[in-house]
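K.L.:
So I've got this file, data_34.pdb, and it contains PDB, C-alpha atoms and all ligand atoms:
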```
ATOM      1  CA  MET H1396       0.000   0.000   0.000
ATOM      2  CA  ASN H1397       1.237   3.483  -0.833
ATOM      3  CA  ARG H1398      -0.011   6.302   1.394
ATOM      4  CA  ILE H1399       0.424   9.954   0.535
ATOM      5  CA  GLN H1400       0.937  12.828   2.963
ATOM      6  CA  ILE H1401       1.199  16.382   1.706
ATOM      7  CA  GLY H1402       2.826  19.318   3.493
ATOM      8  CA  ALA H1403       2.376  22.917   2.404
ATOM      9  CA  ASP H1404       6.015  23.374   1.399
ATOM     10  CA  ALA H1405       9.412  21.659   1.556
ATOM     11  CA  ASP H1406       9.919  22.571   5.217
ATOM     12  CA  ALA H1407       6.516  21.180   6.171
ATOM     13  CA  ALA H1408       7.259  17.969   4.234
ATOM     14  CA  GLY H1409      10.608  17.774   6.057
ATOM     15  CA  ARG H1410       8.805  18.044   9.393
ATOM     16  CA  LEU H1411       6.381  15.269   8.417
ATOM     17  CA  ALA H1412       9.306  13.021   7.481
ATOM     18  CA  ALA H1413      11.100  13.931  10.725
ATOM     19  CA  GLY H1414       7.976  12.785  12.551
ATOM     20  CA  VAL H1415       8.265   9.357  10.923
ATOM     21  CA  VAL H1416      11.940   9.073  11.928
ATOM     22  CA  GLU H1417      11.187  10.256  15.458
ATOM     23  CA  ARG H1418       8.391   7.709  15.890
ATOM     24  CA  ALA H1419      10.671   4.957  14.574
ATOM     25  CA  LEU H1420      13.361   5.905  17.120
ATOM     26  CA  ARG H1421      10.949   6.245  20.020
ATOM     27  CA  GLU H1422       9.309   2.882  19.214
ATOM     28  CA  ARG H1423      12.671   1.202  18.863
ATOM     29  CA  PRO H1424      15.748   3.172  19.969
ATOM     30  CA  ALA H1425      17.952   0.599  18.181
ATOM     31  CA  ALA H1426      16.132   1.253  14.881
ATOM     32  CA  VAL H1427      18.000   0.588  11.642
ATOM     33  CA  LEU H1428      17.616   3.583   9.335
ATOM     34  CA  ALA H1429      18.653   4.019   5.704
ATOM     35  CA  LEU H1430      19.115   7.613   4.608
ATOM     36  CA  PRO H1431      19.407   9.464   1.287
ATOM     37  CA  THR H1432      21.307  12.508   0.098
ATOM     38  CA  GLY H1433      20.302  15.272  -2.307
ATOM     39  CA  ALA H1434      18.697  18.677  -1.860
ATOM     40  CA  THR H1435      15.328  17.186  -0.860
ATOM     41  CA  PRO H1436      16.219  15.775   2.579
ATOM     42  CA  ARG H1437      17.985  18.927   3.830
ATOM     43  CA  PRO H1438      14.905  20.299   5.676
ATOM     44  CA  LEU H1439      14.339  16.833   7.177
ATOM     45  CA  TYR H1440      17.901  16.674   8.512
ATOM     46  CA  ARG H1441      17.690  20.239   9.838
ATOM     47  CA  GLU H1442      14.544  19.296  11.726
ATOM     48  CA  LEU H1443      16.069  16.085  13.118
ATOM     49  CA  VAL H1444      19.097  18.052  14.387
ATOM     50  CA  ARG H1445      16.725  20.543  16.016
ATOM     51  CA  ARG H1446      14.721  17.786  17.681
ATOM     52  CA  HIS H1447      17.951  16.187  18.908
ATOM     53  CA  ARG H1448      19.181  19.479  20.390
ATOM     54  CA  GLU H1449      15.925  20.802  21.760
ATOM     55  CA  GLN H1450      13.864  17.718  22.500
ATOM     56  CA  GLY H1451      16.452  15.049  23.258
ATOM     57  CA  LEU H1452      15.713  12.879  20.226
ATOM     58  CA  SER H1453      18.505  10.304  20.426
ATOM     59  CA  PHE H1454      20.250   8.278  17.732
ATOM     60  CA  ALA H1455      22.648   6.682  20.236
ATOM     61  CA  ALA H1456      21.320   3.131  19.878
ATOM     62  CA  ALA H1457      20.339   3.388  16.200
ATOM     63  CA  ALA H1458      22.240   2.322  13.091
ATOM     64  CA  VAL H1459      22.365   4.372   9.880
ATOM     65  CA  PHE H1460      23.074   3.060   6.390
ATOM     66  CA  GLY H1461      23.753   5.586   3.634
ATOM     67  CA  LEU H1462      21.821   4.653   0.525
ATOM     68  CA  ASP H1463      24.420   5.288  -2.147
ATOM     69  CA  GLU H1464      27.752   6.900  -3.036
ATOM     70  CA  TYR H1465      29.640   8.100  -6.089
ATOM     71  CA  TRP H1466      32.464   5.911  -7.386
ATOM     72  CA  PRO H1467      35.254   6.536  -7.681
ATOM     73  CA  LEU H1468      35.276   9.425  -5.239
ATOM     74  CA  ALA H1469      37.416   9.900  -2.156
ATOM     75  CA  PRO H1470      35.308   9.752   1.026
ATOM     76  CA  GLU H1471      36.657  13.176   2.033
ATOM     77  CA  HIS H1472      35.733  14.778  -1.319
ATOM     78  CA  PRO H1473      33.340  17.710  -0.762
ATOM     79  CA  GLN H1474      30.699  16.021  -2.943
ATOM     80  CA  SER H1475      30.866  12.587  -1.342
ATOM     81  CA  PHE H1476      27.584  11.405   0.116
ATOM     82  CA  ARG H1477      29.442  10.240   3.227
ATOM     83  CA  ARG H1478      30.509  13.800   3.812
ATOM     84  CA  PHE H1479      27.019  15.109   3.046
ATOM     85  CA  LEU H1480      25.305  12.843   5.578
ATOM     86  CA  ARG H1481      27.863  13.738   8.224
ATOM     87  CA  ALA H1482      27.653  17.481   7.587
ATOM     88  CA  GLU H1483      23.862  17.625   7.320
ATOM     89  CA  LEU H1484      22.973  15.242  10.139
ATOM     90  CA  LEU H1485      25.372  12.808  11.703
ATOM     91  CA  ASP H1486      28.005  15.243  13.006
ATOM     92  CA  HIS H1487      25.224  16.994  14.929
ATOM     93  CA  VAL H1488      23.490  14.063  16.613
ATOM     94  CA  ASP H1489      24.627  11.325  19.014
ATOM     95  CA  LEU H1490      25.123   8.432  16.586
ATOM     96  CA  ALA H1491      28.430   6.624  17.224
ATOM     97  CA  ALA H1492      30.735   6.619  14.173
ATOM     98  CA  ALA H1493      30.806   2.798  14.193
ATOM     99  CA  ARG H1494      27.030   2.724  13.658
ATOM    100  CA  PHE H1495      27.243   4.689  10.413
ATOM    101  CA  HIS H1496      27.625   2.375   7.427
ATOM    102  CA  MET H1497      28.578   3.883   4.125
ATOM    103  CA  LEU H1498      29.704   2.415   0.831
ATOM    104  CA  ASP H1499      33.352   3.342   0.238
ATOM    105  CA  GLY H1500      33.620   5.501  -2.857
ATOM    106  CA  GLY H1501      37.404   5.414  -2.456
ATOM    107  CA  ALA H1502      37.616   1.623  -2.852
ATOM    108  CA  ALA H1503      39.707   0.181  -5.700
ATOM    109  CA  ALA H1504      37.817  -1.469  -8.574
ATOM    110  CA  GLY H1505      39.005  -4.881  -7.487
ATOM    111  CA  ALA H1506      37.601  -4.358  -3.989
ATOM    112  CA  LEU H1507      34.064  -3.307  -4.957
ATOM    113  CA  GLU H1508      32.517  -6.740  -4.810
ATOM    114  CA  ARG H1509      33.879  -7.190  -1.300
ATOM    115  CA  VAL H1510      32.767  -3.679  -0.254
ATOM    116  CA  CYS H1511      29.197  -4.271  -1.460
ATOM    117  CA  ALA H1512      29.021  -7.748   0.100
ATOM    118  CA  ALA H1513      30.299  -6.346   3.421
ATOM    119  CA  TYR H1514      27.614  -3.651   3.322
ATOM    120  CA  GLU H1515      24.879  -6.241   2.726
ATOM    121  CA  ALA H1516      26.337  -8.398   5.501
ATOM    122  CA  ALA H1517      26.313  -5.445   7.913
ATOM    123  CA  LEU H1518      22.679  -4.812   7.009
ATOM    124  CA  ALA H1519      21.760  -8.439   7.625
ATOM    125  CA  ALA H1520      23.693  -8.453  10.911
ATOM    126  CA  ALA H1521      21.754  -5.348  12.001
ATOM    127  CA  GLY H1522      18.519  -7.249  11.348
ATOM    128  CA  GLY H1523      17.487  -5.451   8.141
ATOM    129  CA  ILE H1524      16.159  -1.945   7.628
ATOM    130  CA  ASP H1525      13.292  -0.732   9.802
ATOM    131  CA  THR H1526      12.759   2.641   8.121
ATOM    132  CA  LEU H1527      14.248   3.607   4.776
ATOM    133  CA  LEU H1528      13.985   7.146   3.463
ATOM    134  CA  LEU H1529      14.349   7.845  -0.227
ATOM    135  CA  GLY H1530      14.454  10.726  -2.618
ATOM    136  CA  ILE H1531      13.417  10.263  -6.230
ATOM    137  CA  GLY H1532      15.440  11.208  -9.287
ATOM    138  CA  LEU H1533      13.887  13.087 -12.205
ATOM    139  CA  ASN H1534      14.067   9.844 -14.187
ATOM    140  CA  GLY H1535      12.478   7.857 -11.365
ATOM    141  CA  HIS H1536      15.735   6.506  -9.970
ATOM    142  CA  LEU H1537      15.963   5.348  -6.348
ATOM    143  CA  GLY H1538      19.387   5.721  -4.804
ATOM    144  CA  PHE H1539      21.505   5.165  -7.899
ATOM    145  CA  ASN H1540      19.187   2.504  -9.303
ATOM    146  CA  GLU H1541      18.663   4.056 -12.707
ATOM    147  CA  PRO H1542      15.853   3.034 -15.109
ATOM    148  CA  GLY H1543      16.245  -0.632 -16.017
ATOM    149  CA  ALA H1544      17.836  -1.640 -12.710
ATOM    150  CA  PRO H1545      16.740  -5.151 -11.685
ATOM    151  CA  ARG H1546      13.992  -5.254  -9.072
ATOM    152  CA  ARG H1547      15.801  -7.951  -7.102
ATOM    153  CA  GLY H1548      19.196  -6.282  -7.439
ATOM    154  CA  ARG H1549      21.536  -6.156  -4.440
ATOM    155  CA  THR H1550      24.081  -3.535  -3.455
ATOM    156  CA  ARG H1551      26.511  -3.080  -6.341
ATOM    157  CA  VAL H1552      28.412  -0.749  -8.647
ATOM    158  CA  VAL H1553      26.300   0.866 -11.372
ATOM    159  CA  GLU H1554      26.716   3.234 -14.278
ATOM    160  CA  LEU H1555      25.044   6.618 -13.743
ATOM    161  CA  ALA H1556      22.476   7.918 -16.216
ATOM    162  CA  GLU H1557      23.517  10.990 -18.211
ATOM    163  CA  LEU H1558      20.622  12.937 -16.659
ATOM    164  CA  THR H1559      21.885  12.108 -13.178
ATOM    165  CA  ARG H1560      25.406  13.243 -14.065
ATOM    166  CA  ALA H1561      24.144  16.405 -15.751
ATOM    167  CA  ARG H1562      22.100  17.295 -12.652
ATOM    168  CA  ALA H1563      25.151  16.807 -10.446
ATOM    169  CA  ALA H1564      27.446  18.874 -12.685
ATOM    170  CA  ALA H1565      26.768  22.148 -10.880
ATOM    171  CA  ASP H1566      27.695  20.621  -7.508
ATOM    172  CA  PHE H1567      31.010  19.408  -8.925
ATOM    173  CA  GLY H1568      31.918  22.830 -10.349
ATOM    174  CA  GLY H1569      34.204  22.263 -13.291
ATOM    175  CA  GLU H1570      35.287  18.829 -12.131
ATOM    176  CA  GLU H1571      34.053  15.726 -13.935
ATOM    177  CA  VAL H1572      31.119  13.968 -12.258
ATOM    178  CA  PRO H1573      31.964  10.299 -11.548
ATOM    179  CA  ARG H1574      30.552   7.907 -14.133
ATOM    180  CA  HIS H1575      29.612   5.274 -11.595
ATOM    181  CA  GLY H1576      27.955   4.914  -8.262
ATOM    182  CA  LEU H1577      27.623   2.331  -5.524
ATOM    183  CA  THR H1578      24.040   1.794  -4.497
ATOM    184  CA  MET H1579      21.821  -0.277  -2.310
ATOM    185  CA  GLY H1580      19.943  -2.475  -4.798
ATOM    186  CA  LEU H1581      16.219  -2.336  -5.437
ATOM    187  CA  GLY H1582      15.860  -5.790  -3.908
ATOM    188  CA  THR H1583      17.612  -4.534  -0.776
ATOM    189  CA  ILE H1584      15.468  -1.391  -0.711
ATOM    190  CA  LEU H1585      12.218  -3.299  -1.132
ATOM    191  CA  GLU H1586      13.072  -5.540   1.833
ATOM    192  CA  ALA H1587      12.920  -2.558   4.214
ATOM    193  CA  ARG H1588      10.024  -2.887   6.629
ATOM    194  CA  ARG H1589       8.885   0.688   6.014
ATOM    195  CA  ILE H1590       9.759   3.096   3.200
ATOM    196  CA  VAL H1591       9.271   6.856   3.078
ATOM    197  CA  VAL H1592       9.710   8.678  -0.231
ATOM    198  CA  LEU H1593      10.320  12.376   0.082
ATOM    199  CA  ALA H1594       9.755  14.637  -2.950
ATOM    200  CA  THR H1595       9.358  18.401  -3.032
ATOM    201  CA  GLY H1596       9.187  21.145  -5.631
ATOM    202  CA  ALA H1597       7.389  21.535  -8.950
ATOM    203  CA  GLY H1598      10.272  19.843 -10.775
ATOM    204  CA  LYS H1599       9.277  16.501  -9.207
ATOM    205  CA  ALA H1600       5.521  16.772  -9.957
ATOM    206  CA  ASP H1601       5.630  14.801 -13.232
ATOM    207  CA  ILE H1602       7.813  11.961 -12.039
ATOM    208  CA  VAL H1603       5.850  11.589  -8.786
ATOM    209  CA  ALA H1604       2.552  11.404 -10.686
ATOM    210  CA  LEU H1605       4.019   8.906 -13.142
ATOM    211  CA  ALA H1606       5.470   6.682 -10.404
ATOM    212  CA  LEU H1607       2.089   6.579  -8.689
ATOM    213  CA  ALA H1608       0.090   5.905 -11.862
ATOM    214  CA  ALA H1609       2.236   3.669 -14.087
ATOM    215  CA  ALA H1610       2.188  -0.112 -13.788
ATOM    216  CA  PRO H1611       5.176  -1.207 -11.666
ATOM    217  CA  ASP H1612       8.060  -1.700 -14.087
ATOM    218  CA  GLU H1613      11.848  -1.773 -13.919
ATOM    219  CA  ALA H1614      11.901   0.965 -16.562
ATOM    220  CA  LEU H1615      10.693   3.291 -13.791
ATOM    221  CA  PRO H1616      12.327   2.150 -10.524
ATOM    222  CA  ALA H1617      10.081   4.338  -8.319
ATOM    223  CA  SER H1618       6.979   2.565  -9.689
ATOM    224  CA  LEU H1619       8.201  -0.674  -8.041
ATOM    225  CA  LEU H1620       7.483   0.878  -4.646
ATOM    226  CA  ARG H1621       3.816   0.207  -5.298
ATOM    227  CA  GLU H1622       4.491  -3.504  -4.789
ATOM    228  CA  HIS H1623       5.645  -2.829  -1.216
ATOM    229  CA  ALA H1624       3.228  -3.159   1.711
ATOM    230  CA  ALA H1625       4.279  -0.043   3.661
ATOM    231  CA  VAL H1626       5.316   2.952   1.576
ATOM    232  CA  GLU H1627       4.517   6.509   2.480
ATOM    233  CA  TRP H1628       5.038   9.348   0.005
ATOM    234  CA  ILE H1629       5.674  12.648   1.755
ATOM    235  CA  LEU H1630       5.295  15.504  -0.689
ATOM    236  CA  ASP H1631       4.863  19.229  -0.703
ATOM    237  CA  ARG H1632       1.976  20.760  -2.640
ATOM    238  CA  ALA H1633       4.154  21.543  -5.649
ATOM    239  CA  ALA H1634       5.390  17.958  -6.011
ATOM    240  CA  ALA H1635       1.864  16.601  -5.486
ATOM    241  CA  ALA H1636       0.273  18.886  -8.094
ATOM    242  CA  ARG H1637      -0.035  16.305 -10.898
ATOM    243  CA  ILE H1638      -1.174  13.250  -8.953
ATOM    244  CA  GLU H1639      -4.385  11.788 -10.327
ATOM    245  CA  ARG H1640      -7.061  11.340  -7.710
TER     246      ARG H1640
HETATM  247  C1  LIG H1701      20.804  11.635  -6.354
HETATM  248  C2  LIG H1701      20.868  10.540  -5.272
HETATM  249  C3  LIG H1701      19.494  10.048  -4.925
HETATM  250  C4  LIG H1701      18.576  11.210  -4.693
HETATM  251  C5  LIG H1701      18.374  11.962  -5.989
HETATM  252  C6  LIG H1701      17.450  13.172  -5.877
HETATM  253  O1  LIG H1701      21.088  11.140  -7.597
HETATM  254  N1  LIG H1701      21.692   9.442  -5.677
HETATM  255  O2  LIG H1701      19.584   9.196  -3.793
HETATM  256  O3  LIG H1701      17.336  10.772  -4.217
HETATM  257  O4  LIG H1701      19.618  12.369  -6.486
HETATM  258  O5  LIG H1701      18.154  14.297  -5.468
HETATM  259  P1  LIG H1701      17.484  15.679  -5.134
HETATM  260  O6  LIG H1701      16.844  15.496  -3.791
HETATM  261  O7  LIG H1701      18.622  16.647  -5.052
HETATM  262  O8  LIG H1701      16.505  15.975  -6.182
END
```
Here is the file; what I need is its structure written in the form of structure tokens.
P.N.:
Amino acid sequence: MNRIQIGADADAAGRLAAGVVERALRERPAAVLALPTGATPRPLYRELVRRHREQGLSFAAAAVFGLDEYWPLAPEHPQSFRRFLRAELLDHVDLAAARFHMLDGGAAAGALERVCAAYEAALAAAGGIDTLLLGIGLNGHLGFNEPGAPRRGRTRVVELAELTRARAAADFGGEEVPRHGLTMGLGTILEARRIVVLATGAGKADIVALALAAAPDEALPASLLREHAAVEWILDRAAAARIER
């Protein structure tokens, strides 16, 4: 079942998503969370930091898995997703460094299979994902699972779509955007017990409407979410504008 919640704007959507994370942590302090990067989750992370500082929301017993990473890209590169998640959220809350699991964008090609298998093993050892938050790409990608990614795919190295690289070009300044990424697979994503998709802004209105209307198909990874029993779409009004009701 896919539920839809709509906030007035991106900040309101961020607060709604923060509410889901907070409930997950209060229900089960040792919750296993999977978290995305991108512009969309910034208000969510701001709100979680605020709730940690002002209301004692604690991540101390939780585990966090980053959804994806560029490859090859040094972990300390300003555009690495590891750095993003630390700067936006994890450096400001009480999660122990050892409970943050991130795919290593600095790994050598020959080590990638081992890196991805170790990530899946860490996930299994943690008991699987309780709450997974996702953004959605303009082409319907989830994490770095671009159109055509296999629905049972596991964590692996993938080639990035040209649209994805073009969108990232501004962030990288003049530097070349990596051609590959490491990503949690769609199979891994769909095994999460609860999934929250966060989308805001008019630019996402078409792809959100399409993902919610099209028959589930690998050509549109986000449409596969409709086969999951517990998915919640948290949108702002602009991103919800084209949904058929
Ligand atoms: C990137 C990330 C995705 C993210 C998407 C949307 O490609 N790999 O995990 O969901 O972009 O980003 P934004 O929120 O900036 O639109």
K.L.:
Residues of chain H that approach ligand LIG 1701 (chain H) to 10 Å or less, counting all atoms listed in the file: could you list each one with the shortest pair of atoms and its distance in Å to one decimal, rows by chain and increasing residue number, as a Markdown table?
P.N.:
```
| residue | atom | partner | partner_atom | distance |
| --- | --- | --- | --- | --- |
| H:Leu1430 | CA | H:LIG1701 | O2 | 8.6 |
| H:Pro1431 | CA | H:LIG1701 | O2 | 5.1 |
| H:Thr1432 | CA | H:LIG1701 | O2 | 5.4 |
| H:Gly1433 | CA | H:LIG1701 | O7 | 3.5 |
| H:Ala1434 | CA | H:LIG1701 | O7 | 3.8 |
| H:Thr1435 | CA | H:LIG1701 | O6 | 3.7 |
| H:Pro1436 | CA | H:LIG1701 | O6 | 6.4 |
| H:Arg1437 | CA | H:LIG1701 | O6 | 8.4 |
| H:Gly1461 | CA | H:LIG1701 | O2 | 9.3 |
| H:Leu1462 | CA | H:LIG1701 | O2 | 6.7 |
| H:Asp1463 | CA | H:LIG1701 | N1 | 6.1 |
| H:Glu1464 | CA | H:LIG1701 | N1 | 7.1 |
| H:Tyr1465 | CA | H:LIG1701 | N1 | 8.1 |
| H:Phe1476 | CA | H:LIG1701 | N1 | 8.5 |
| H:Leu1528 | CA | H:LIG1701 | O3 | 9.1 |
| H:Leu1529 | CA | H:LIG1701 | O3 | 5.8 |
| H:Gly1530 | CA | H:LIG1701 | O3 | 3.3 |
| H:Ile1531 | CA | H:LIG1701 | O3 | 4.4 |
| H:Gly1532 | CA | H:LIG1701 | C6 | 4.4 |
| H:Leu1533 | CA | H:LIG1701 | O8 | 7.2 |
| H:Asn1534 | CA | H:LIG1701 | C5 | 9.5 |
| H:Gly1535 | CA | H:LIG1701 | C5 | 9.0 |
| H:His1536 | CA | H:LIG1701 | C3 | 7.2 |
| H:Leu1537 | CA | H:LIG1701 | O2 | 5.9 |
| H:Gly1538 | CA | H:LIG1701 | O2 | 3.6 |
| H:Phe1539 | CA | H:LIG1701 | N1 | 4.8 |
| H:Asn1540 | CA | H:LIG1701 | N1 | 8.2 |
| H:Glu1541 | CA | H:LIG1701 | O1 | 9.1 |
| H:Leu1555 | CA | H:LIG1701 | O1 | 8.6 |
| H:Ala1556 | CA | H:LIG1701 | O1 | 9.3 |
| H:Leu1558 | CA | H:LIG1701 | O1 | 9.3 |
| H:Thr1559 | CA | H:LIG1701 | O1 | 5.7 |
| H:Arg1560 | CA | H:LIG1701 | O1 | 8.1 |
| H:Arg1562 | CA | H:LIG1701 | O1 | 8.0 |
| H:Ala1563 | CA | H:LIG1701 | O1 | 7.5 |
| H:Gly1576 | CA | H:LIG1701 | N1 | 8.1 |
| H:Leu1577 | CA | H:LIG1701 | N1 | 9.3 |
| H:Thr1578 | CA | H:LIG1701 | N1 | 8.1 |
| H:Met1579 | CA | H:LIG1701 | O2 | 9.8 |
| H:Val1592 | CA | H:LIG1701 | O3 | 8.9 |
| H:Leu1593 | CA | H:LIG1701 | O6 | 8.2 |
| H:Ala1594 | CA | H:LIG1701 | O6 | 7.2 |
| H:Thr1595 | CA | H:LIG1701 | O6 | 8.1 |
| H:Gly1596 | CA | H:LIG1701 | O8 | 9.0 |
| H:Gly1598 | CA | H:LIG1701 | O8 | 8.7 |
| H:Lys1599 | CA | H:LIG1701 | O8 | 7.9 |
```
K.L.:
Could you list, as a VMD selection string, every residue matched by the PyMOL selection byres (((chain H and resi 1454) around 7) and not hetatm) in this structure?
P.N.:
chain H and resid 1452 to 1453 1455 to 1457 1488 to 1490
K.L.:
For the residues selected in the previous step, produce a file with C-alpha atoms as a PDB file, in the frame of the given file.
P.N.:
```pdb
ATOM      1  CA  LEU H1452      15.713  12.879  20.226  1.00  0.00           C
ATOM      2  CA  SER H1453      18.505  10.304  20.426  1.00  0.00           C
ATOM      3  CA  ALA H1455      22.648   6.682  20.236  1.00  0.00           C
ATOM      4  CA  ALA H1456      21.320   3.131  19.878  1.00  0.00           C
ATOM      5  CA  ALA H1457      20.339   3.388  16.200  1.00  0.00           C
ATOM      6  CA  VAL H1488      23.490  14.063  16.613  1.00  0.00           C
ATOM      7  CA  ASP H1489      24.627  11.325  19.014  1.00  0.00           C
ATOM      8  CA  LEU H1490      25.123   8.432  16.586  1.00  0.00           C
TER       9      LEU H1490
END
```
K.L.:
Mind telling me what the PyMOL selection byres (((chain H and resi 1627) around 12) and not hetatm) catches here, as number ranges by chain?
P.N.:
H: 1396-1401, 1408, 1411-1412, 1415, 1526-1530, 1588-1594, 1607, 1620-1621, 1623-1626, 1628-1630
K.L.:
Atom CA of Ser1475 of chain H and atom CA of Val1552 of chain H are how many Å apart?
P.N.:
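Taking atom CA of Ser1475 of chain H as the start and atom CA of Val1552 of chain H as the end point, the length is 15.4 Å.
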K.L.:
Rounded to one decimal place, report the atom CA of Gly1501 of chain H-atom CA of Glu1570 of chain H distance in Å.
P.N.:
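One can read the atom CA of Gly1501 of chain H to atom CA of Glu1570 of chain H distance as 16.7 Å.
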K.L.:
Evaluate the PyMOL selection byres (((chain H and resi 1470) around 12) and not hetatm) on the structure here and hand back the selected residues as a PyMOL selection string.
P.N.:
chain H and resi 1464-1469+1471-1481+1497-1502
K.L.:
For Tyr1440 of chain H, find every residue with an atom within 8 Å (counting all atoms listed in the file), except residues of its own chain fewer than 3 positions away, and show them as a PyMOL selection string.
P.N.:
chain H and resi 1409+1413+1436-1437+1443-1444+1483-1484
K.L.:
Find the residue from H:Ile1638, H:Val1459, H:Pro1573, H:Ala1544 that sits nearest to Tyr1514 of chain H; use only C-alpha atoms when measuring.
P.N.:
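The closest residue to Tyr1514 of chain H is H:Val1459.
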K.L.:
Counting all atoms listed in the file, what is within 9 Å of Arg1410 of chain H, bar same-chain residues fewer than 5 positions away, as a PDB file with C-alpha atoms, in the coordinates of the input?
P.N.:
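What landed in selection26.pdb:
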```pdb
ATOM      1  CA  GLY H1402       2.826  19.318   3.493  1.00  0.00           C
ATOM      2  CA  ALA H1405       9.412  21.659   1.556  1.00  0.00           C
ATOM      3  CA  VAL H1415       8.265   9.357  10.923  1.00  0.00           C
ATOM      4  CA  PRO H1438      14.905  20.299   5.676  1.00  0.00           C
ATOM      5  CA  LEU H1439      14.339  16.833   7.177  1.00  0.00           C
ATOM      6  CA  GLU H1442      14.544  19.296  11.726  1.00  0.00           C
ATOM      7  CA  LEU H1443      16.069  16.085  13.118  1.00  0.00           C
TER       8      LEU H1443
END
```
K.L.:
Restricting the calculation to only C-alpha atoms: of H:Arg1551, H:Arg1448, H:His1487, H:Arg1494, which residue gets closest to Leu1428 of chain H?
P.N.:
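Checking each of H:Arg1551, H:Arg1448, H:His1487, H:Arg1494 against Leu1428 of chain H, counting only C-alpha atoms, the winner is H:Arg1494.
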K.L.:
Just how far from atom CA of Ala1426 of chain H is atom CA of Leu1619 of chain H, in Å to one decimal?
P.N.:
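Interatomic distance, atom CA of Leu1619 of chain H to atom CA of Ala1426 of chain H: 24.3 Å.
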K.L.:
From the set H:Leu1585, H:Ala1636, H:Leu1615, H:Ile1602, which residue has the shortest atom-to-atom contact distance to Ile1524 of chain H, counting all atoms listed in the file?
P.N.:
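Among H:Leu1585, H:Ala1636, H:Leu1615, H:Ile1602, it is H:Leu1585 that comes nearest to Ile1524 of chain H.
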K.L.:
When you count only C-alpha atoms, which of these residues is closest to Phe1495 of chain H: H:Gly1580, H:Val1416, H:Cys1511, H:Leu1518?
P.N.:
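Going through H:Gly1580, H:Val1416, H:Cys1511, H:Leu1518 one by one, the smallest distance to Phe1495 of chain H is for H:Leu1518.
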K.L.:
Using only C-alpha atoms, which of H:Arg1423, H:His1575, H:His1447, H:Arg1632 sits nearest Ala1403 of chain H?
P.N.:
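Comparing H:Arg1423, H:His1575, H:His1447, H:Arg1632 against Ala1403 of chain H, the winner is H:Arg1632.
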K.L.:
Taking only C-alpha atoms into account, name the residue in H:Val1510, H:Ala1458, H:Ala1517, H:Asp1404 that is nearest to Ala1492 of chain H.
P.N.:
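Among the listed residues, H:Ala1458 lies closest to Ala1492 of chain H.
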